[in-house]
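Visitor: So I've got this file, entry-v3.cif, and it contains mmCIF, C-alpha atoms:
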data_work
loop_
_atom_site.label_atom_id
_atom_site.label_comp_id
_atom_site.auth_asym_id
_atom_site.auth_seq_id
_atom_site.Cartn_x
_atom_site.Cartn_y
_atom_site.Cartn_z
CA MET A 1 44.69 40.92 -33.34
CA LYS A 2 46.62 43.93 -31.96
CA LYS A 3 49.90 42.14 -32.68
CA ILE A 4 48.90 41.58 -36.31
CA THR A 5 47.97 45.25 -36.75
CA TYR A 6 51.21 46.42 -35.07
CA LEU A 7 53.40 44.26 -37.33
CA PHE A 8 51.56 45.50 -40.39
CA ILE A 9 51.97 49.15 -39.35
CA VAL A 10 55.70 48.68 -38.68
CA ALA A 11 56.17 47.05 -42.08
CA CYS A 12 54.24 49.85 -43.79
CA MET A 13 56.30 52.52 -42.01
CA HIS A 14 59.52 50.87 -43.20
CA PHE A 15 58.14 50.61 -46.71
CA SER A 16 57.04 54.27 -46.70
CA VAL A 17 60.37 55.59 -45.38
CA VAL A 18 62.44 53.71 -47.94
CA PHE A 19 60.33 54.80 -50.88
CA ALA A 20 58.84 58.10 -49.68
CA GLN A 21 60.41 60.09 -52.50
CA ASP A 22 58.85 57.88 -55.16
CA ALA A 23 55.24 58.96 -54.40
CA LEU A 24 54.06 55.37 -54.49
CA GLN A 25 50.45 54.73 -55.36
CA ARG A 26 48.97 52.45 -52.71
CA VAL A 27 45.89 50.26 -52.33
CA TYR A 28 45.05 48.97 -48.85
CA LEU A 29 42.66 46.03 -48.46
CA SER A 30 40.96 44.81 -45.31
CA PHE A 31 39.99 41.20 -44.62
CA GLU A 32 37.62 39.92 -41.98
CA SER A 33 36.52 36.47 -40.90
CA PRO A 34 35.04 35.35 -37.55
CA GLY A 35 37.46 36.52 -34.85
CA PHE A 36 40.16 37.70 -37.25
CA GLN A 37 41.11 40.82 -39.20
CA ARG A 38 44.01 41.49 -41.56
CA GLU A 39 45.17 44.39 -43.72
CA ILE A 40 47.37 44.02 -46.78
CA LEU A 41 49.01 46.59 -49.06
CA LEU A 42 49.66 46.76 -52.80
CA ALA A 43 52.06 49.52 -53.90
CA PHE A 44 52.84 50.67 -57.45
CA THR A 45 56.33 51.98 -58.22
CA PRO A 46 56.09 54.70 -60.91
CA ASP A 47 59.62 53.94 -62.16
CA ASN A 48 58.91 50.18 -62.45
CA ALA A 49 61.52 49.49 -59.78
CA ALA A 50 59.54 46.45 -58.65
CA THR A 51 58.03 43.55 -60.60
CA ASP A 52 55.07 41.20 -60.24
CA GLY A 53 57.47 38.59 -58.83
CA PHE A 54 59.42 38.70 -55.59
CA ASP A 55 61.51 41.84 -55.12
CA TYR A 56 63.78 42.17 -52.11
CA GLY A 57 63.00 45.34 -50.16
CA TYR A 58 59.63 45.82 -51.84
CA ASP A 59 57.67 42.77 -50.67
CA GLY A 60 56.85 42.02 -47.05
CA GLY A 61 56.28 38.39 -46.10
CA SER A 62 53.51 37.05 -43.90
CA TYR A 63 55.58 35.90 -40.94
CA TYR A 64 52.63 34.70 -38.87
CA ASN A 65 50.04 32.48 -40.54
CA PHE A 66 46.77 32.15 -38.68
CA PRO A 67 43.90 29.62 -38.81
CA ASN A 68 41.92 32.00 -41.04
CA ASP A 69 44.18 34.26 -43.08
CA PHE A 70 44.50 36.45 -46.16
CA SER A 71 47.50 37.54 -48.22
CA TRP A 72 49.01 38.29 -51.59
CA ILE A 73 50.44 35.26 -53.38
CA ILE A 74 53.87 35.81 -54.96
CA GLU A 75 55.58 32.80 -56.49
CA GLY A 76 53.57 30.47 -54.27
CA GLU A 77 54.39 32.30 -51.00
CA ARG A 78 52.29 34.55 -48.76
CA TYR A 79 52.93 38.30 -48.43
CA VAL A 80 51.13 41.14 -46.65
CA ILE A 81 52.91 43.83 -48.69
CA GLN A 82 53.51 43.61 -52.42
CA GLY A 83 55.40 46.14 -54.51
CA VAL A 84 54.88 46.02 -58.28
CA GLY A 85 55.61 48.22 -61.30
CA SER A 86 53.60 51.21 -62.44
CA PHE A 87 49.81 51.06 -62.26
CA ASP A 88 48.26 49.00 -65.06
CA GLU A 89 44.49 48.60 -64.93
CA THR A 90 44.61 45.47 -67.11
CA LYS A 91 46.58 43.43 -64.56
CA LYS A 92 45.23 41.13 -61.85
CA TYR A 93 47.05 40.28 -58.62
CA PRO A 94 46.45 36.89 -56.94
CA LEU A 95 45.04 36.76 -53.43
CA GLY A 96 45.19 33.89 -50.97
CA VAL A 97 42.36 32.96 -48.61
CA PHE A 98 43.18 30.29 -46.02
CA LEU A 99 40.43 28.82 -43.85
CA THR A 100 40.65 26.02 -41.30
CA TYR A 101 36.88 26.05 -40.88
CA ALA A 102 33.91 27.18 -42.97
CA SER A 103 33.58 30.95 -42.66
CA THR A 104 31.98 34.07 -44.02
CA ILE A 105 34.78 36.24 -45.37
CA LYS A 106 34.66 39.96 -46.07
CA VAL A 107 37.13 41.88 -48.24
CA GLY A 108 36.91 45.65 -48.42
CA LEU A 109 38.82 48.63 -49.73
CA GLN A 110 40.52 50.33 -46.78
CA SER A 111 41.98 53.29 -48.70
CA THR A 112 44.04 54.40 -51.69
CA GLU A 113 46.88 56.93 -51.91
CA ASN A 114 48.47 59.13 -54.58
CA PHE A 115 46.10 58.38 -57.47
CA ILE A 116 45.35 61.53 -59.47
CA LYS A 117 41.82 60.34 -60.16
CA PRO A 118 39.70 57.60 -58.54
CA ILE A 119 40.27 54.05 -59.79
CA ASP A 120 37.89 51.12 -60.03
CA ILE A 121 38.77 48.20 -57.75
CA TYR A 122 37.30 44.70 -57.97
CA ILE A 123 37.61 41.26 -56.45
CA TYR A 124 37.66 38.80 -59.34
CA ASP A 125 36.33 35.27 -58.73
CA SER A 126 37.91 33.08 -61.42
CA GLU A 127 35.61 30.15 -60.61
CA THR A 128 32.48 32.05 -61.66
CA ASN A 129 34.22 34.63 -63.89
CA THR A 130 32.59 37.43 -61.93
CA TYR A 131 33.86 40.81 -60.75
CA PHE A 132 32.69 42.45 -57.50
CA SER A 133 33.29 46.18 -57.12
CA ILE A 134 34.62 47.07 -53.67
CA ASN A 135 34.84 50.82 -54.18
CA ASP A 136 31.62 51.41 -52.25
CA ASP A 137 30.74 47.96 -50.99
CA THR A 138 32.34 44.97 -49.27
CA PHE A 139 32.88 41.66 -51.01
CA GLN A 140 31.33 38.93 -48.89
CA MET A 141 31.21 35.18 -49.45
CA ASP A 142 30.62 31.97 -47.51
CA LEU A 143 33.47 29.53 -48.09
CA ASP A 144 34.21 26.01 -46.94
CA GLU A 145 37.45 25.26 -45.16
CA GLY A 146 40.48 25.02 -47.42
CA ASN A 147 43.17 27.04 -49.17
CA TYR A 148 42.07 29.31 -52.01
CA GLU A 149 45.23 30.39 -53.83
CA ASN A 150 44.12 30.45 -57.48
CA ARG A 151 40.54 31.64 -57.23
CA PHE A 152 40.49 35.28 -56.09
CA PHE A 153 42.36 38.23 -57.62
CA LEU A 154 42.47 41.99 -57.21
CA ALA A 155 41.50 43.65 -60.49
CA PHE A 156 41.02 47.20 -61.74
CA THR A 157 38.72 46.73 -64.70
CA ASP A 158 35.74 44.51 -65.45
CA PRO A 159 35.99 43.28 -69.06
CA ASN A 160 32.53 41.72 -68.77
CA ASN A 161 31.01 45.19 -68.44
CA GLN A 162 33.25 47.15 -70.79
CA ASN A 163 30.38 47.83 -73.18
CA LEU A 164 27.65 48.53 -70.65
CA SER A 165 27.50 52.20 -71.53
CA THR A 166 25.89 51.29 -74.88
CA SER A 167 23.60 48.63 -73.44
CA THR A 168 19.88 49.21 -73.19
CA PHE A 169 19.48 46.44 -70.63
CA SER A 170 19.72 47.24 -66.92
CA LYS A 171 19.63 44.64 -64.18
CA ASN A 172 17.90 47.23 -61.99
CA ASP A 173 14.88 47.06 -64.34
CA LEU A 174 14.72 43.27 -64.09
CA GLU A 175 11.67 42.06 -62.18
CA MET A 176 11.52 38.50 -60.87
CA LYS A 177 8.69 36.52 -59.38
CA TYR A 178 8.53 32.86 -58.45
CA SER A 179 5.74 30.93 -60.17
CA LYS A 180 4.49 27.72 -58.58
CA SER A 181 2.73 26.68 -61.79
CA ASN A 182 5.92 27.08 -63.83
CA GLN A 183 8.15 25.93 -60.96
CA GLY A 184 10.66 28.63 -61.72
CA LEU A 185 11.45 32.33 -61.77
CA ILE A 186 9.59 34.56 -64.19
CA LEU A 187 11.84 37.37 -65.42
CA ARG A 188 10.43 40.57 -66.90
CA SER A 189 12.28 43.57 -68.28
CA PRO A 190 11.56 46.33 -70.83
CA ASN A 191 14.44 44.82 -72.82
CA ILE A 192 14.02 41.15 -71.98
CA THR A 193 14.96 40.10 -75.52
CA ASP A 194 18.46 41.53 -74.98
CA ILE A 195 19.14 38.58 -72.67
CA THR A 196 20.76 35.60 -74.38
CA ASN A 197 21.22 33.34 -71.35
CA VAL A 198 21.05 33.23 -67.56
CA GLU A 199 23.19 30.95 -65.38
CA VAL A 200 22.78 30.37 -61.65
CA PHE A 201 25.65 29.98 -59.15
CA SER A 202 25.58 29.35 -55.44
CA ILE A 203 27.31 31.92 -53.25
CA LEU A 204 30.17 29.38 -53.03
CA GLY A 205 30.66 29.61 -56.80
CA GLN A 206 29.09 26.25 -57.66
CA LYS A 207 27.00 26.23 -60.82
CA ILE A 208 23.39 25.21 -60.22
CA ARG A 209 21.55 23.26 -62.89
CA SER A 210 18.93 25.48 -64.50
CA ILE A 211 16.94 25.84 -67.71
CA PHE A 212 16.50 29.28 -69.27
CA THR A 213 13.67 29.88 -71.74
CA LEU A 214 13.18 33.25 -73.43
CA TYR A 215 9.85 34.50 -74.75
CA ASN A 216 8.84 37.76 -76.43
CA ASP A 217 7.85 39.59 -73.27
CA HIS A 218 9.29 37.47 -70.44
CA ALA A 219 11.66 34.64 -69.62
CA ILE A 220 11.42 31.62 -67.32
CA LEU A 221 14.31 30.24 -65.32
CA ASN A 222 13.66 26.75 -63.96
CA VAL A 223 15.86 26.13 -60.94
CA PRO A 224 15.83 23.21 -58.44
CA ASN A 225 14.37 24.06 -55.04
CA GLN A 226 16.92 26.32 -53.29
CA LYS A 227 14.50 27.84 -50.79
CA GLY A 228 16.07 30.60 -48.72
CA SER A 229 19.52 30.31 -50.32
CA VAL A 230 21.48 33.25 -51.71
CA SER A 231 22.45 32.78 -55.35
CA LEU A 232 24.05 34.74 -58.16
CA LEU A 233 22.44 35.19 -61.55
CA ARG A 234 24.97 35.57 -64.37
CA ILE A 235 22.97 37.36 -67.04
CA LYS A 236 24.42 37.35 -70.54
CA THR A 237 23.41 39.96 -73.11
CA ASN A 238 24.82 41.00 -76.46
CA GLN A 239 26.38 44.02 -74.74
CA GLY A 240 28.00 42.32 -71.77
CA ILE A 241 27.51 40.24 -68.64
CA PHE A 242 25.58 41.35 -65.55
CA ILE A 243 25.65 39.81 -62.08
CA LYS A 244 22.58 39.99 -59.83
CA LYS A 245 22.39 38.58 -56.29
CA ILE A 246 19.04 37.02 -55.34
CA VAL A 247 17.46 34.92 -52.61
CA LEU A 248 15.66 31.91 -54.06
#
Written as C-alpha cells, how would this file's structure read?

Guide:
Amino acid sequence: MKKITYLFIVACMHFSVVFAQDALQRVYLSFESPGFQREILLAFTPDNAATDGFDYGYDGGSYYNFPNDFSWIIEGERYVIQGVGSFDETKKYPLGVFLTYASTIKVGLQSTENFIKPIDIYIYDSETNTYFSINDDTFQMDLDEGNYENRFFLAFTDPNNQNLSTSTFSKNDLEMKYSKSNQGLILRSPNITDITNVEVFSILGQKIRSIFTLYNDHAILNVPNQKGSVSLLRIKTNQGIFIKKIVL
C-alpha cells in the first residue's frame, strides 16, 4: 500500500511541476476495498491544453494493476491521473472498478484545488441511473467480482434533481412502515400525490420486482421478501427523481 501511495505522489509532483503556472483545477478521489486503497486525480486545464482522450504528458497510466483496483478509463486503458480541458459541469468521466472477489467498495472525495467556488461532485451509476453526492459523504456499494468499466462515472451535476428547488415533495418527509396485512411498504407523505412511481433496486443495482399503488393519502409498495437487505427506492415525481436508501 505504501508503494502505491509513493508512486501516486511522485506522479502528482511531476504533474504539478510541469503545469504549475496553469493553476490547474484538481479533483482527488479516494478508493477503498478490503486491504487496498488507491487515490486518483482529475485535473482541468484552463486553456484546454488537454482533451478527454489520451494526452501525452497530461495522463498518468496505472503501471501496477492489483486484485482490487480503481482508475480512470481513457480509450479502454487504465490511468491514475487524467488531464482534461477546462471544467465543464455537464461532462462525465468514466471510472473503472476491478474486483477479483466480491467486495464492499468505498469512493470518497479526497480534496479539490483552485476552484473559485465549491462544486458538486457525484458518482453516477449508469445501471440504475442514480447520482450519489460525495461532497459530504462516501459512496459505498457491495459488488460481485468482475470488471466494471462502463457503469460508474464521475459527474458534477445531477440532472434528475435539477428542478428540486421548485418541488414540494421531500424524501425526508416520507414515512414508511411495513404492513403484514398488505404484505408491502405503506408510504405516507404530506405530498404523496406528487409521486408518480417508485422502483426498487438492490444495492448491486439489480431491479427488484415491485408493484406501486397510489391512493389519495398514502401509497403501497408490494415488494418480495427482502428481509434485512439494503435497497434503493427510486422515487419519481413530476419535479424530478429522488433516491432513498432503506433496509427492507

Visitor: Once you count all atoms listed in the file, which residues end up no further than 12 Å from (16.3, 24.5, -65.6) in the file's frame, shown as a list of chain:residue names?

Guide: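 Protein and nucleic acid residues near the point are A:Asn182, A:Gln183, A:Gly184, A:Leu185, A:Asn197, A:Val198, A:Glu199, A:Val200, A:Lys207, A:Ile208, A:Arg209, A:Ser210, A:Ile211, A:Phe212, A:Thr213, A:Ala219, A:Ile220, A:Leu221, A:Asn222, A:Val223, A:Pro224, A:Asn225.
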
Visitor: Output the residue selection produced by the PyMOL selection byres ((chain A and resi 47) around 12) on the file above, formatted as an MDAnalysis selection string.

Guide: chainID A and resid 19 21:25 44:46 48:51 83:87

Visitor: Write the residues you've just listed into a file as a JSON list (two decimals), in the coordinates of the input, and include C-alpha atoms for each of them.

Guide:
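Now in part_5.json:
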[["chain", "number", "residue", "atom", "x", "y", "z"],
["A", 19, "PHE", "CA", 60.33, 54.80, -50.88],
["A", 21, "GLN", "CA", 60.41, 60.09, -52.50],
["A", 22, "ASP", "CA", 58.85, 57.88, -55.16],
["A", 23, "ALA", "CA", 55.24, 58.96, -54.40],
["A", 24, "LEU", "CA", 54.06, 55.37, -54.49],
["A", 25, "GLN", "CA", 50.45, 54.73, -55.36],
["A", 44, "PHE", "CA", 52.84, 50.67, -57.45],
["A", 45, "THR", "CA", 56.33, 51.98, -58.22],
["A", 46, "PRO", "CA", 56.09, 54.70, -60.91],
["A", 48, "ASN", "CA", 58.91, 50.18, -62.45],
["A", 49, "ALA", "CA", 61.52, 49.49, -59.78],
["A", 50, "ALA", "CA", 59.54, 46.45, -58.65],
["A", 51, "THR", "CA", 58.03, 43.55, -60.60],
["A", 83, "GLY", "CA", 55.40, 46.14, -54.51],
["A", 84, "VAL", "CA", 54.88, 46.02, -58.28],
["A", 85, "GLY", "CA", 55.61, 48.22, -61.30],
["A", 86, "SER", "CA", 53.60, 51.21, -62.44],
["A", 87, "PHE", "CA", 49.81, 51.06, -62.26]]

Visitor: Quote the spacing between CA of Thr196 in chain A and CA of Ser179 in chain A in Å to one decimal place.

Guide: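 Result for CA of Thr196 in chain A versus CA of Ser179 in chain A: 21.2 Å, one decimal.
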
Visitor: Considering only C-alpha atoms, can you say which of A:Tyr56, A:Tyr215, A:Tyr122, A:Phe98 comes closest to Glu145 in chain A?

Guide: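 Answer, going by the shortest atom-to-atom distance: A:Phe98.
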
Visitor: Do you know which residues are at most 7 Å from Pro94 in chain A counting all atoms listed in the file, after dropping those on the same chain fewer than 3 positions away, and could you put them as a ChimeraX atom specification?

Guide: /A:72-73,150,152-154

Visitor: Those selected residues, please, written with C-alpha atoms and delivered as a PDB file, keeping the file's coordinate frame.

Guide:
ATOM      1  CA  TRP A  72      49.010  38.290 -51.590  1.00  0.00           C
ATOM      2  CA  ILE A  73      50.440  35.260 -53.380  1.00  0.00           C
ATOM      3  CA  ASN A 150      44.120  30.450 -57.480  1.00  0.00           C
ATOM      4  CA  PHE A 152      40.490  35.280 -56.090  1.00  0.00           C
ATOM      5  CA  PHE A 153      42.360  38.230 -57.620  1.00  0.00           C
ATOM      6  CA  LEU A 154      42.470  41.990 -57.210  1.00  0.00           C
TER       7      LEU A 154
END

Visitor: Which residue is closest to Lys91 in chain A? Choose from A:Tyr131, A:Tyr79, A:Phe156, A:Phe201 and count all atoms listed in the file.

Guide: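 Checking each of A:Tyr131, A:Tyr79, A:Phe156, A:Phe201 against Lys91 in chain A, counting all atoms listed in the file, the winner is A:Phe156.
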
Visitor: Counting only C-alpha atoms, figure out which residue out of A:Ser202, A:Ser71, A:Thr193, A:Gln110 gets nearest to Ser229 in chain A.

Guide: A:Ser202

Visitor: Report, in Å to a single decimal, how far apart CA of Gly205 in chain A and CA of Ile81 in chain A are.

Guide: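 That distance, rounded to one decimal, is 27.6 Å.
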
Visitor: Taking into account only C-alpha atoms, which residue in the set A:Lys245, A:Lys117, A:Lys177, A:Arg78 is nearest to Ser231 in chain A?

Guide: A:Lys245

Visitor: Can you work out the spacing between CA of Gly96 in chain A and CA of Asp69 in chain A in Å, to one decimal?

Guide: 8.0 Å

Visitor: Which residue is closest to Asn147 in chain A? Choose from A:Phe70, A:Phe132, A:Phe36, A:Tyr124 and count only C-alpha atoms.

Guide: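 Nearest to Asn147 in chain A: A:Phe70.
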
Visitor: With all atoms listed in the file as the atoms that count, which of A:Asn114, A:Asn68, A:Ser103, A:Asn191 lies nearest to Leu214 in chain A?

Guide: A:Asn191

Visitor: Determine, counting all atoms listed in the file, which protein, DNA and RNA residues have an atom within 6 Å of an atom of Leu187 in chain A; residues of the same chain fewer than 3 positions away are not included. Present the result as a list in words.

Guide: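 Near neighbours after the sequence-gap exclusion: Glu175, Met176, His218 and Ala219 of chain A.
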
Visitor: May I have the residues from that selection written out with C-alpha atoms, as a PDB file, keeping the file's coordinate frame?

Guide:
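selection.pdb, freshly written:
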ATOM      1  CA  GLU A 175      11.670  42.060 -62.180  1.00  0.00           C
ATOM      2  CA  MET A 176      11.520  38.500 -60.870  1.00  0.00           C
ATOM      3  CA  HIS A 218       9.290  37.470 -70.440  1.00  0.00           C
ATOM      4  CA  ALA A 219      11.660  34.640 -69.620  1.00  0.00           C
TER       5      ALA A 219
END

Visitor: For the PyMOL selection byres ((chain A and resi 127) around 9), applied here, can you spell out every residue it catches as a PyMOL selection string?

Guide: chain A and resi 124-126+128-130+151-152+205-206

Visitor: Return as a PyMOL selection string the set of residues that the PyMOL selection byres ((chain A and resi 137) around 12) yields on the displayed structure.

Guide: chain A and resi 106-110+120-123+132-136+138-140
